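Colleague: For reference, the file query_16.cif (mmCIF, C-alpha atoms (C1' of nucleotides)) is included below:
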data_start
#
loop_
_atom_site.label_atom_id
_atom_site.label_comp_id
_atom_site.auth_asym_id
_atom_site.auth_seq_id
_atom_site.Cartn_x
_atom_site.Cartn_y
_atom_site.Cartn_z
CA MET A 1 -26.96 0.24 19.08
CA SER A 2 -24.19 2.50 17.87
CA ASN A 3 -22.67 0.36 15.16
CA GLN A 4 -21.89 3.68 13.48
CA LEU A 5 -19.26 4.47 16.09
CA LYS A 6 -16.65 1.96 14.96
CA LEU A 7 -13.28 3.37 14.16
CA ASP A 8 -12.34 0.81 11.54
CA SER A 9 -15.43 1.59 9.49
CA PHE A 10 -14.67 5.31 9.28
CA ILE A 11 -13.46 6.33 5.85
CA CYS A 12 -12.09 9.50 7.42
CA PHE A 13 -9.90 7.38 9.67
CA ALA A 14 -8.67 5.36 6.69
CA VAL A 15 -7.76 8.58 4.89
CA TYR A 16 -6.17 10.08 8.00
CA THR A 17 -3.96 7.05 8.63
CA ALA A 18 -3.16 6.58 4.93
CA SER A 19 -1.92 10.16 4.87
CA HIS A 20 0.44 9.41 7.76
CA ALA A 21 1.54 6.21 6.04
CA PHE A 22 2.47 8.16 2.91
CA ASN A 23 4.43 10.57 5.05
CA ARG A 24 6.47 7.74 6.52
CA VAL A 25 7.31 6.44 3.05
CA TYR A 26 8.27 9.89 1.82
CA LYS A 27 10.35 10.82 4.85
CA PRO A 28 13.63 9.05 3.99
CA LEU A 29 13.38 10.05 0.33
CA LEU A 30 12.74 13.71 1.08
CA ASP A 31 15.36 13.82 3.82
CA GLU A 32 17.95 13.46 1.07
CA LEU A 33 16.53 16.54 -0.64
CA GLY A 34 16.28 18.50 2.61
CA LEU A 35 12.51 18.84 2.27
CA THR A 36 9.50 18.00 4.38
CA TYR A 37 6.43 16.60 2.63
CA PRO A 38 4.47 19.89 2.53
CA GLN A 39 7.61 21.67 1.33
CA TYR A 40 7.95 19.05 -1.39
CA LEU A 41 4.38 19.70 -2.51
CA ALA A 42 5.11 23.42 -2.72
CA MET A 43 8.23 22.74 -4.77
CA VAL A 44 6.37 20.37 -7.11
CA SER A 45 3.79 23.06 -7.70
CA LEU A 46 6.49 25.65 -8.40
CA TRP A 47 8.32 23.27 -10.74
CA GLU A 48 5.05 23.05 -12.66
CA GLU A 49 4.55 26.80 -12.65
CA ASP A 50 7.20 29.20 -11.43
CA GLY A 51 6.23 32.69 -10.26
CA GLN A 52 3.05 31.76 -8.41
CA THR A 53 1.73 33.96 -5.62
CA VAL A 54 1.29 32.83 -2.02
CA GLY A 55 -2.47 32.92 -2.44
CA GLY A 56 -2.37 31.01 -5.72
CA LEU A 57 -0.19 28.30 -4.23
CA GLY A 58 -2.51 28.13 -1.23
CA GLU A 59 -5.49 27.50 -3.49
CA LYS A 60 -3.67 24.67 -5.24
CA LEU A 61 -2.46 23.07 -2.02
CA PHE A 62 -5.61 23.90 -0.02
CA LEU A 63 -3.51 25.65 2.62
CA GLU A 64 -3.88 28.99 4.39
CA SER A 65 -1.28 31.75 4.39
CA SER A 66 -0.78 31.07 8.10
CA THR A 67 0.58 27.68 7.10
CA LEU A 68 2.35 28.70 3.91
CA THR A 69 4.18 31.82 5.04
CA PRO A 70 6.48 30.09 7.56
CA LEU A 71 6.93 27.09 5.24
CA LEU A 72 7.93 29.35 2.34
CA LYS A 73 10.33 31.27 4.56
CA ARG A 74 12.03 27.98 5.35
CA LEU A 75 12.28 27.16 1.64
CA GLU A 76 13.78 30.60 1.11
CA THR A 77 16.29 30.05 3.94
CA ALA A 78 17.16 26.70 2.36
CA GLY A 79 17.96 28.61 -0.85
CA TYR A 80 15.32 26.96 -3.05
CA ILE A 81 13.01 29.95 -3.64
CA ARG A 82 12.87 33.73 -3.43
CA ARG A 83 9.86 35.64 -2.05
CA GLU A 84 9.39 39.06 -3.60
CA ARG A 85 6.56 41.58 -3.45
CA SER A 86 4.90 42.19 -6.79
CA ARG A 87 5.52 45.68 -8.15
CA GLN A 88 2.08 45.89 -9.75
CA ASP A 89 0.33 44.96 -6.50
CA GLU A 90 2.34 45.40 -3.36
CA ARG A 91 -0.01 43.15 -1.41
CA VAL A 92 1.03 40.12 -3.42
CA VAL A 93 4.14 38.02 -2.79
CA VAL A 94 5.51 36.21 -5.84
CA LEU A 95 7.46 32.97 -5.41
CA ARG A 96 10.39 32.31 -7.73
CA LEU A 97 12.65 29.27 -7.91
CA THR A 98 16.35 29.91 -7.46
CA GLU A 99 18.84 28.08 -9.67
CA GLU A 100 19.36 25.64 -6.82
CA GLY A 101 15.60 25.19 -6.57
CA LYS A 102 15.43 24.39 -10.27
CA ARG A 103 18.31 21.94 -10.01
CA LEU A 104 16.56 20.14 -7.16
CA LYS A 105 13.89 19.00 -9.62
CA GLU A 106 16.33 16.60 -11.30
CA ARG A 107 17.12 14.93 -7.98
CA ALA A 108 13.41 14.66 -7.20
CA GLU A 109 12.53 12.84 -10.41
CA THR A 110 13.00 9.42 -8.84
CA VAL A 111 10.68 10.04 -5.90
CA PRO A 112 7.27 9.33 -7.50
CA GLY A 113 8.46 5.95 -8.76
CA CYS A 114 9.49 4.96 -5.23
CA ILE A 115 6.06 5.87 -3.94
CA ILE A 116 4.30 3.90 -6.64
CA ASP A 117 6.48 0.91 -5.79
CA ALA A 118 5.68 1.22 -2.10
CA SER A 119 1.96 1.31 -2.85
CA GLY A 120 2.23 -2.14 -4.42
CA ARG A 121 -0.27 -1.22 -7.10
CA GLY A 122 -0.31 -0.68 -10.83
CA ALA A 123 -0.37 2.83 -12.24
CA ASP A 124 -3.86 2.35 -13.64
CA GLN A 125 -5.34 1.15 -10.36
CA LEU A 126 -3.67 4.02 -8.54
CA ALA A 127 -5.04 6.52 -11.04
CA ARG A 128 -8.56 5.18 -10.58
CA LEU A 129 -8.32 5.27 -6.79
CA GLN A 130 -6.78 8.74 -6.96
CA ALA A 131 -9.72 10.01 -9.02
CA GLU A 132 -12.20 8.58 -6.53
CA ILE A 133 -10.46 10.24 -3.61
CA VAL A 134 -10.34 13.57 -5.45
CA ALA A 135 -14.08 13.28 -6.12
CA LEU A 136 -14.65 12.59 -2.43
CA ARG A 137 -12.53 15.62 -1.51
CA GLU A 138 -14.55 17.82 -3.86
CA ALA A 139 -17.81 16.64 -2.31
CA LEU A 140 -16.51 17.38 1.18
CA ASN A 141 -15.20 20.80 0.17
CA LYS A 142 -18.51 21.63 -1.44
CA SER A 143 -20.41 20.73 1.73
CA THR A 144 -18.40 23.22 3.82
CA SER A 145 -18.35 26.09 1.36
CA MET B 1 9.95 14.94 -19.73
CA SER B 2 8.92 14.72 -16.12
CA ASN B 3 5.25 13.99 -16.47
CA GLN B 4 5.65 12.13 -13.19
CA LEU B 5 6.06 15.40 -11.31
CA LYS B 6 2.49 16.62 -11.59
CA LEU B 7 0.78 17.43 -8.34
CA ASP B 8 -2.72 16.58 -9.47
CA SER B 9 -1.70 13.06 -10.44
CA PHE B 10 -0.24 12.26 -7.01
CA ILE B 11 -2.43 9.90 -5.03
CA CYS B 12 -0.58 11.01 -1.90
CA PHE B 13 -1.67 14.57 -2.57
CA ALA B 14 -5.26 13.45 -3.04
CA VAL B 15 -5.11 11.62 0.30
CA TYR B 16 -3.38 14.53 2.02
CA THR B 17 -5.95 17.08 0.86
CA ALA B 18 -8.88 14.73 1.46
CA SER B 19 -7.71 14.34 5.05
CA HIS B 20 -7.77 18.12 5.47
CA ALA B 21 -11.18 18.28 3.82
CA PHE B 22 -12.54 15.75 6.34
CA ASN B 23 -11.11 17.84 9.14
CA ARG B 24 -12.95 20.92 7.91
CA VAL B 25 -16.24 19.00 7.83
CA TYR B 26 -15.67 17.60 11.32
CA LYS B 27 -14.56 20.88 12.89
CA PRO B 28 -17.98 22.48 13.54
CA LEU B 29 -19.49 19.17 14.66
CA LEU B 30 -16.67 18.40 17.09
CA ASP B 31 -16.51 21.96 18.38
CA GLU B 32 -19.87 21.31 19.99
CA LEU B 33 -18.39 18.32 21.80
CA GLY B 34 -15.24 20.20 22.79
CA LEU B 35 -13.04 17.77 20.85
CA THR B 36 -10.43 18.02 18.13
CA TYR B 37 -10.44 15.37 15.42
CA PRO B 38 -7.58 13.26 16.87
CA GLN B 39 -9.17 13.57 20.31
CA TYR B 40 -12.44 12.35 18.80
CA LEU B 41 -10.65 9.31 17.33
CA ALA B 42 -9.21 8.50 20.76
CA MET B 43 -12.65 8.80 22.35
CA VAL B 44 -14.24 6.60 19.66
CA SER B 45 -11.62 3.94 20.34
CA LEU B 46 -12.23 4.16 24.09
CA TRP B 47 -16.01 3.99 23.59
CA GLU B 48 -15.36 0.75 21.74
CA GLU B 49 -13.03 -0.56 24.41
CA ASP B 50 -12.57 1.16 27.73
CA GLY B 51 -9.41 0.57 29.76
CA GLN B 52 -6.92 0.55 26.89
CA THR B 53 -3.28 1.40 27.47
CA VAL B 54 -1.47 4.30 25.83
CA GLY B 55 0.54 1.87 23.75
CA GLY B 56 -2.53 -0.09 22.71
CA LEU B 57 -4.36 3.03 21.66
CA GLY B 58 -1.28 4.18 19.76
CA GLU B 59 -1.23 0.96 17.77
CA LYS B 60 -4.88 1.37 16.82
CA LEU B 61 -4.51 5.02 15.87
CA PHE B 62 -0.99 4.63 14.39
CA LEU B 63 0.30 7.37 16.68
CA GLU B 64 3.40 7.66 18.86
CA SER B 65 3.37 8.29 22.61
CA SER B 66 4.92 11.68 21.86
CA THR B 67 1.67 12.58 20.11
CA LEU B 68 -0.73 10.75 22.39
CA THR B 69 0.54 11.76 25.82
CA PRO B 70 -0.23 15.49 25.49
CA LEU B 71 -3.51 14.74 23.68
CA LEU B 72 -4.62 12.38 26.45
CA LYS B 73 -3.66 14.91 29.10
CA ARG B 74 -5.98 17.39 27.41
CA LEU B 75 -8.79 14.82 27.40
CA GLU B 76 -8.12 14.28 31.09
CA THR B 77 -8.19 18.02 31.77
CA ALA B 78 -11.46 18.20 29.86
CA GLY B 79 -12.83 15.57 32.26
CA TYR B 80 -13.48 12.86 29.67
CA ILE B 81 -10.88 10.29 30.75
CA ARG B 82 -8.63 9.32 33.63
CA ARG B 83 -5.00 8.21 33.19
CA GLU B 84 -3.84 5.77 35.84
CA ARG B 85 -0.72 3.63 36.15
CA SER B 86 -1.39 -0.08 36.07
CA ARG B 87 -0.72 -1.79 39.39
CA GLN B 88 0.48 -4.99 37.72
CA ASP B 89 2.96 -3.11 35.54
CA GLU B 90 3.88 0.36 36.67
CA ARG B 91 5.25 1.27 33.24
CA VAL B 92 1.78 1.06 31.70
CA VAL B 93 -0.78 3.84 31.78
CA VAL B 94 -4.41 2.68 31.55
CA LEU B 95 -7.06 5.00 30.09
CA ARG B 96 -10.55 4.96 31.59
CA LEU B 97 -13.61 6.91 30.55
CA THR B 98 -15.16 9.12 33.19
CA GLU B 99 -18.96 9.26 33.52
CA GLU B 100 -18.87 12.47 31.52
CA GLY B 101 -16.74 10.74 28.90
CA LYS B 102 -19.31 7.95 28.64
CA ARG B 103 -22.17 10.42 28.36
CA LEU B 104 -20.40 12.21 25.53
CA LYS B 105 -20.92 9.13 23.38
CA GLU B 106 -24.65 9.81 23.13
CA ARG B 107 -24.04 13.31 21.84
CA ALA B 108 -21.52 11.97 19.32
CA GLU B 109 -23.92 9.46 17.78
CA THR B 110 -25.10 11.91 15.13
CA VAL B 111 -21.63 12.77 13.85
CA PRO B 112 -20.97 9.83 11.50
CA GLY B 113 -24.26 10.44 9.70
CA CYS B 114 -23.29 14.05 9.04
CA ILE B 115 -19.99 12.95 7.56
CA ILE B 116 -21.65 10.40 5.30
CA ASP B 117 -24.06 13.09 4.12
CA ALA B 118 -21.19 15.48 3.41
CA SER B 119 -19.41 12.83 1.37
CA GLY B 120 -22.37 12.70 -1.00
CA ARG B 121 -21.99 8.95 -1.43
CA GLY B 122 -23.90 5.83 -0.53
CA ALA B 123 -22.82 3.69 2.41
CA ASP B 124 -21.86 0.82 0.12
CA GLN B 125 -19.67 2.95 -2.13
CA LEU B 126 -18.01 4.50 0.91
CA ALA B 127 -17.35 1.07 2.39
CA ARG B 128 -15.73 -0.11 -0.83
CA LEU B 129 -13.57 3.00 -1.10
CA GLN B 130 -12.68 2.74 2.58
CA ALA B 131 -11.48 -0.84 2.10
CA GLU B 132 -9.31 0.16 -0.85
CA ILE B 133 -7.70 2.97 1.12
CA VAL B 134 -7.05 0.65 4.07
CA ALA B 135 -5.40 -1.84 1.70
CA LEU B 136 -3.24 0.95 0.32
CA ARG B 137 -2.29 1.99 3.85
CA GLU B 138 -1.29 -1.56 4.71
CA ALA B 139 0.89 -1.80 1.61
CA LEU B 140 2.61 1.48 2.51
CA ASN B 141 3.10 0.44 6.13
CA LYS B 142 4.56 -2.88 5.02
CA SER B 143 7.06 -1.14 2.76
CA THR B 144 8.50 0.89 5.64
CA SER B 145 8.56 -1.80 8.29
"C1'" DC C 1 -11.61 62.90 -4.26
"C1'" DG C 2 -11.93 60.82 0.00
"C1'" DA C 3 -14.00 57.57 3.12
"C1'" DT C 4 -15.00 52.83 3.15
"C1'" DA C 5 -14.70 48.19 1.79
"C1'" DA C 6 -12.21 44.35 0.06
"C1'" DT C 7 -7.96 41.82 -0.71
"C1'" DT C 8 -3.40 39.80 0.42
"C1'" DA C 9 0.10 38.28 3.59
"C1'" DA C 10 1.79 37.98 7.97
"C1'" DT C 11 1.35 37.12 12.99
"C1'" DC C 12 -0.27 34.73 17.06
"C1'" DG C 13 -2.09 30.97 19.87
"C1'" DT C 14 -3.45 26.18 20.14
"C1'" DG C 15 -3.08 21.48 18.90
"C1'" DT C 16 -1.22 17.93 16.48
"C1'" DG C 17 2.69 14.66 14.59
"C1'" DC C 18 7.19 12.68 14.82
"C1'" DG C 19 12.23 11.62 15.77
"C1'" DA C 20 15.46 11.56 19.37
"C1'" DT C 21 16.17 11.16 23.96
"C1'" DA C 22 15.14 10.42 28.88
"C1'" DT C 23 13.20 7.96 32.71
"C1'" DA C 24 11.49 4.34 35.16
"C1'" DA C 25 9.99 -0.23 35.61
"C1'" DA C 26 10.14 -5.02 34.30
"C1'" DT C 27 12.75 -8.83 32.40
"C1'" DC C 28 16.63 -11.33 31.17
"C1'" DT C 29 21.34 -13.28 32.02
"C1'" DC C 30 24.96 -14.89 34.11
"C1'" DG D 1 20.44 -11.41 42.77
"C1'" DA D 2 23.32 -7.61 40.56
"C1'" DG D 3 23.89 -5.75 36.15
"C1'" DA D 4 22.50 -5.41 31.34
"C1'" DT D 5 18.65 -5.26 28.25
"C1'" DT D 6 14.08 -4.43 26.97
"C1'" DT D 7 9.68 -2.12 27.37
"C1'" DA D 8 6.27 1.75 28.26
"C1'" DT D 9 5.56 6.28 28.67
"C1'" DA D 10 7.07 11.07 28.90
"C1'" DT D 11 9.77 15.10 27.32
"C1'" DC D 12 11.81 18.14 23.96
"C1'" DG D 13 12.53 20.44 19.55
"C1'" DC D 14 10.88 21.24 15.04
"C1'" DA D 15 7.41 21.66 11.48
"C1'" DC D 16 2.92 21.76 10.09
"C1'" DA D 17 -2.27 23.36 10.08
"C1'" DC D 18 -5.83 26.44 11.07
"C1'" DG D 19 -8.85 30.19 13.09
"C1'" DA D 20 -8.69 34.87 14.46
"C1'" DT D 21 -6.62 39.05 14.07
"C1'" DT D 22 -3.65 42.63 12.11
"C1'" DA D 23 -1.32 45.53 8.70
"C1'" DA D 24 -0.68 47.19 4.31
"C1'" DT D 25 -2.39 47.96 -0.12
"C1'" DT D 26 -5.85 48.35 -3.62
"C1'" DA D 27 -10.58 48.89 -5.25
"C1'" DT D 28 -15.04 50.99 -4.88
"C1'" DC D 29 -18.55 54.20 -4.29
"C1'" DG D 30 -20.90 58.30 -3.18
#
Rewrite the structure of this file - the entire thing - as structure tokens.
Modeller:
Amino acid sequence: MSNQLKLDSFICFAVYTASHAFNRVYKPLLDELGLTYPQYLAMVSLWEEDGQTVGGLGEKLFLESSTLTPLLKRLETAGYIRRERSRQDERVVVLRLTEEGKRLKERAETVPGCIIDASGRGADQLARLQAEIVALREALNKSTS
Amino acid sequence: MSNQLKLDSFICFAVYTASHAFNRVYKPLLDELGLTYPQYLAMVSLWEEDGQTVGGLGEKLFLESSTLTPLLKRLETAGYIRRERSRQDERVVVLRLTEEGKRLKERAETVPGCIIDASGRGADQLARLQAEIVALREALNKSTS
DNA sequence: CGATAATTAATCGTGTGCGATATAAATCTC
DNA sequence: GAGATTTATATCGCACACGATTAATTATCG
């Protein structure tokens, strides 16, 4: 018997579909800001810490340069960031928010609340679940490293 | 203060990165089967129930026909499934496992165990977490419907 | 100091994902 | 039963996501 091979019992499938479900909730909110979800994550990270490098941002978002470079070029075209080579180390590209990019933060302040509402859960329960999922992610990342 | 806008506190970000982490664990296992992760999900669903329609599979996997059609064509090219129009309703495309597609199931039996190992958690804890994530997904899906 | 190695982004090819639209078949309506 | 509507899948354009490779720069080591 292969009672292992049941889709609905796969935690990976739950995570995979939950990720898509989040995307669908975010979509209309981020459309107003002119951002996709991964672009929004990059902006959130830069609002936390301006002047990050491509590699540094990639470590935080768990994304490769092959994903980030085109995404960041789109954010630059949109006028939200600038990409400039570091003078100390010409290999490194530093990401800096433009004034418009900084202003966008104000308009984005309402987004997290909408997501929490859509989840239909209290902040404490969400925080607990979030911590469990992060712990799971760390275990998975450790197993592949 | 915008303590809301902190990446590491976002449950969506935890889910998003956990989904990628699962993918990285699956990659080497599925490479041996010649499947991508979404292709694997489609095959698992067809191993559970052969003869599903494109629409039916899309409902189970929460995917649109615009995603599934090319994916299913690749599975057909790989020789794992056949896509045939229903004779009762010519709009419907029925998906049937080939003999090779059925045989693949045996080779896939070991995959779930590897994932559970990589998660570093007991089956009961995983099942509980899985149920919570599914409940979260349902709440999110309800909010957008 | 100069060859070699390591590091950082960028590029390329493949495969998702989805919204908008198209196409074709079935169903509904008058 | 002809025309309008609905349904099921396919197509197209755009944006990820990643592995493999490349190019440019910096670090290292003999």
Colleague: If we count only C-alpha atoms (C1' of nucleotides), which residues of chain C reach to within 8 Å of chain B? Please list them as a list in words.
Modeller: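 Residues passing the distance filter: DT16, DG17, DC18, DA24, DA25 and DA26 of chain C.
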Colleague: With the PyMOL selection byres ((chain B) within 8 of (chain A)) as the selection, what would be picked from this file? Answer as a short mmCIF file (atom, residue, chain, number, x, y, z; two decimals) with C-alpha atoms, keeping the file's coordinate frame, please.
Modeller:
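Contents of out.cif, freshly written:
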data_model
loop_
_atom_site.label_atom_id
_atom_site.label_comp_id
_atom_site.auth_asym_id
_atom_site.auth_seq_id
_atom_site.Cartn_x
_atom_site.Cartn_y
_atom_site.Cartn_z
CA SER B 2 8.92 14.72 -16.12
CA GLN B 4 5.65 12.13 -13.19
CA LEU B 5 6.06 15.40 -11.31
CA LYS B 6 2.49 16.62 -11.59
CA LEU B 7 0.78 17.43 -8.34
CA SER B 9 -1.70 13.06 -10.44
CA PHE B 10 -0.24 12.26 -7.01
CA ILE B 11 -2.43 9.90 -5.03
CA CYS B 12 -0.58 11.01 -1.90
CA PHE B 13 -1.67 14.57 -2.57
CA ALA B 14 -5.26 13.45 -3.04
CA VAL B 15 -5.11 11.62 0.30
CA TYR B 16 -3.38 14.53 2.02
CA THR B 17 -5.95 17.08 0.86
CA ALA B 18 -8.88 14.73 1.46
CA SER B 19 -7.71 14.34 5.05
CA ALA B 21 -11.18 18.28 3.82
CA PHE B 22 -12.54 15.75 6.34
CA ARG B 24 -12.95 20.92 7.91
CA VAL B 25 -16.24 19.00 7.83
CA LEU B 41 -10.65 9.31 17.33
CA VAL B 44 -14.24 6.60 19.66
CA SER B 45 -11.62 3.94 20.34
CA GLU B 48 -15.36 0.75 21.74
CA LEU B 61 -4.51 5.02 15.87
CA PHE B 62 -0.99 4.63 14.39
CA GLU B 109 -23.92 9.46 17.78
CA PRO B 112 -20.97 9.83 11.50
CA ALA B 118 -21.19 15.48 3.41
CA SER B 119 -19.41 12.83 1.37
CA GLY B 120 -22.37 12.70 -1.00
CA LEU B 126 -18.01 4.50 0.91
CA ALA B 127 -17.35 1.07 2.39
CA LEU B 129 -13.57 3.00 -1.10
CA GLN B 130 -12.68 2.74 2.58
CA GLU B 132 -9.31 0.16 -0.85
CA ILE B 133 -7.70 2.97 1.12
CA VAL B 134 -7.05 0.65 4.07
CA LEU B 136 -3.24 0.95 0.32
CA ARG B 137 -2.29 1.99 3.85
CA ALA B 139 0.89 -1.80 1.61
CA LEU B 140 2.61 1.48 2.51
CA ASN B 141 3.10 0.44 6.13
CA SER B 143 7.06 -1.14 2.76
CA THR B 144 8.50 0.89 5.64
#
Colleague: Counting only C-alpha atoms (C1' of nucleotides), a student should be able to say which residues of chain D come within 12 Å of chain A; what is the right answer, written as a VMD selection string?
Modeller: chain D and resid 14 to 21 23 to 27
Colleague: Quick one: chain B onto chain A, least squares on all Cα paired in order, result as a compact mmCIF listing (two decimals) with C-alpha atoms, keeping the file's coordinate frame?
Modeller:
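Result went into superposed.txt, see below:
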# COMPACT_ATOMS: atom_id res chain seq x y z
CA MET B 1 -26.77 -0.04 19.16
CA SER B 2 -24.14 2.32 17.90
CA ASN B 3 -22.58 0.25 15.17
CA GLN B 4 -21.88 3.59 13.51
CA LEU B 5 -19.21 4.39 16.09
CA LYS B 6 -16.61 1.89 14.95
CA LEU B 7 -13.23 3.31 14.14
CA ASP B 8 -12.30 0.75 11.52
CA SER B 9 -15.40 1.52 9.48
CA PHE B 10 -14.66 5.25 9.27
CA ILE B 11 -13.47 6.29 5.83
CA CYS B 12 -12.09 9.47 7.41
CA PHE B 13 -9.91 7.35 9.65
CA ALA B 14 -8.68 5.35 6.68
CA VAL B 15 -7.78 8.58 4.88
CA TYR B 16 -6.19 10.07 7.99
CA THR B 17 -3.97 7.05 8.62
CA ALA B 18 -3.17 6.59 4.93
CA SER B 19 -1.93 10.18 4.85
CA HIS B 20 0.41 9.42 7.75
CA ALA B 21 1.53 6.22 6.05
CA PHE B 22 2.45 8.19 2.90
CA ASN B 23 4.42 10.60 5.04
CA ARG B 24 6.45 7.76 6.53
CA VAL B 25 7.29 6.45 3.06
CA TYR B 26 8.27 9.92 1.83
CA LYS B 27 10.34 10.85 4.88
CA PRO B 28 13.62 9.06 4.01
CA LEU B 29 13.37 10.05 0.35
CA LEU B 30 12.73 13.72 1.11
CA ASP B 31 15.35 13.84 3.85
CA GLU B 32 17.93 13.47 1.11
CA LEU B 33 16.51 16.55 -0.61
CA GLY B 34 16.27 18.51 2.64
CA LEU B 35 12.49 18.85 2.29
CA THR B 36 9.47 18.04 4.41
CA TYR B 37 6.41 16.63 2.66
CA PRO B 38 4.44 19.92 2.52
CA GLN B 39 7.60 21.69 1.36
CA TYR B 40 7.96 19.06 -1.36
CA LEU B 41 4.37 19.72 -2.50
CA ALA B 42 5.12 23.44 -2.73
CA MET B 43 8.26 22.75 -4.76
CA VAL B 44 6.39 20.37 -7.10
CA SER B 45 3.80 23.08 -7.72
CA LEU B 46 6.51 25.65 -8.40
CA TRP B 47 8.35 23.26 -10.74
CA GLU B 48 5.10 23.05 -12.66
CA GLU B 49 4.60 26.79 -12.65
CA ASP B 50 7.24 29.19 -11.46
CA GLY B 51 6.27 32.68 -10.30
CA GLN B 52 3.08 31.76 -8.44
CA THR B 53 1.75 33.96 -5.67
CA VAL B 54 1.29 32.83 -2.08
CA GLY B 55 -2.46 32.95 -2.52
CA GLY B 56 -2.34 31.01 -5.77
CA LEU B 57 -0.19 28.31 -4.26
CA GLY B 58 -2.51 28.16 -1.26
CA GLU B 59 -5.48 27.51 -3.51
CA LYS B 60 -3.67 24.66 -5.25
CA LEU B 61 -2.46 23.09 -2.02
CA PHE B 62 -5.63 23.93 -0.02
CA LEU B 63 -3.53 25.68 2.61
CA GLU B 64 -3.90 29.01 4.41
CA SER B 65 -1.31 31.79 4.40
CA SER B 66 -0.81 31.09 8.10
CA THR B 67 0.55 27.69 7.10
CA LEU B 68 2.32 28.71 3.91
CA THR B 69 4.17 31.83 5.02
CA PRO B 70 6.46 30.11 7.55
CA LEU B 71 6.91 27.11 5.23
CA LEU B 72 7.92 29.36 2.34
CA LYS B 73 10.32 31.27 4.56
CA ARG B 74 12.03 27.98 5.35
CA LEU B 75 12.28 27.17 1.64
CA GLU B 76 13.79 30.61 1.13
CA THR B 77 16.27 30.06 3.95
CA ALA B 78 17.16 26.72 2.39
CA GLY B 79 17.96 28.62 -0.83
CA TYR B 80 15.32 26.97 -3.01
CA ILE B 81 13.03 29.95 -3.63
CA ARG B 82 12.89 33.73 -3.43
CA ARG B 83 9.88 35.66 -2.07
CA GLU B 84 9.45 39.07 -3.65
CA ARG B 85 6.63 41.60 -3.52
CA SER B 86 4.95 42.21 -6.84
CA ARG B 87 5.60 45.68 -8.23
CA GLN B 88 2.15 45.90 -9.82
CA ASP B 89 0.42 45.00 -6.56
CA GLU B 90 2.44 45.42 -3.41
CA ARG B 91 0.09 43.19 -1.42
CA VAL B 92 1.10 40.15 -3.46
CA VAL B 93 4.17 38.05 -2.81
CA VAL B 94 5.54 36.22 -5.87
CA LEU B 95 7.50 32.98 -5.43
CA ARG B 96 10.43 32.28 -7.75
CA LEU B 97 12.68 29.26 -7.91
CA THR B 98 16.37 29.89 -7.44
CA GLU B 99 18.88 28.05 -9.65
CA GLU B 100 19.39 25.62 -6.79
CA GLY B 101 15.63 25.18 -6.54
CA LYS B 102 15.46 24.36 -10.25
CA ARG B 103 18.33 21.90 -9.97
CA LEU B 104 16.58 20.12 -7.13
CA LYS B 105 13.92 18.99 -9.59
CA GLU B 106 16.34 16.58 -11.25
CA ARG B 107 17.13 14.91 -7.95
CA ALA B 108 13.41 14.66 -7.17
CA GLU B 109 12.53 12.83 -10.39
CA THR B 110 12.99 9.41 -8.81
CA VAL B 111 10.65 10.04 -5.88
CA PRO B 112 7.26 9.35 -7.50
CA GLY B 113 8.46 5.97 -8.75
CA CYS B 114 9.46 4.97 -5.23
CA ILE B 115 6.04 5.89 -3.93
CA ILE B 116 4.28 3.91 -6.64
CA ASP B 117 6.46 0.92 -5.81
CA ALA B 118 5.65 1.25 -2.10
CA SER B 119 1.94 1.34 -2.86
CA GLY B 120 2.20 -2.11 -4.43
CA ARG B 121 -0.32 -1.20 -7.11
CA GLY B 122 -0.37 -0.65 -10.83
CA ALA B 123 -0.42 2.86 -12.26
CA ASP B 124 -3.92 2.37 -13.65
CA GLN B 125 -5.38 1.18 -10.36
CA LEU B 126 -3.70 4.06 -8.55
CA ALA B 127 -5.08 6.55 -11.05
CA ARG B 128 -8.60 5.20 -10.59
CA LEU B 129 -8.34 5.29 -6.81
CA GLN B 130 -6.81 8.76 -6.96
CA ALA B 131 -9.76 10.03 -9.01
CA GLU B 132 -12.25 8.59 -6.53
CA ILE B 133 -10.49 10.24 -3.61
CA VAL B 134 -10.38 13.58 -5.44
CA ALA B 135 -14.12 13.29 -6.11
CA LEU B 136 -14.70 12.59 -2.43
CA ARG B 137 -12.59 15.61 -1.50
CA GLU B 138 -14.60 17.83 -3.82
CA ALA B 139 -17.86 16.62 -2.30
CA LEU B 140 -16.55 17.35 1.21
CA ASN B 141 -15.25 20.78 0.20
CA LYS B 142 -18.58 21.62 -1.40
CA SER B 143 -20.45 20.70 1.77
CA THR B 144 -18.48 23.19 3.86
CA SER B 145 -18.40 26.08 1.42
Colleague: Where does the PyMOL selection byres ((chain A and resi 52) around 10) land in this file, that is, which residues does it pick, as an NGL selection string?
Modeller: :A and (45-46 or 48-51 or 53-58 or 92-97)
Colleague: Taking into account only C-alpha atoms (C1' of nucleotides), which residue in the set C:DA9, C:DT23, C:DT14, C:DG2 is nearest to DT11 (chain D)?
Modeller: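 Between C:DA9, C:DT23, C:DT14, C:DG2, the residue approaching DT11 (chain D) most closely is C:DT23.
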Colleague: One decimal, in Å: what's the spacing between CA of Leu35 (chain B) and CA of Arg103 (chain B)?
Modeller: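 These atoms are spaced 13.9 Å apart.
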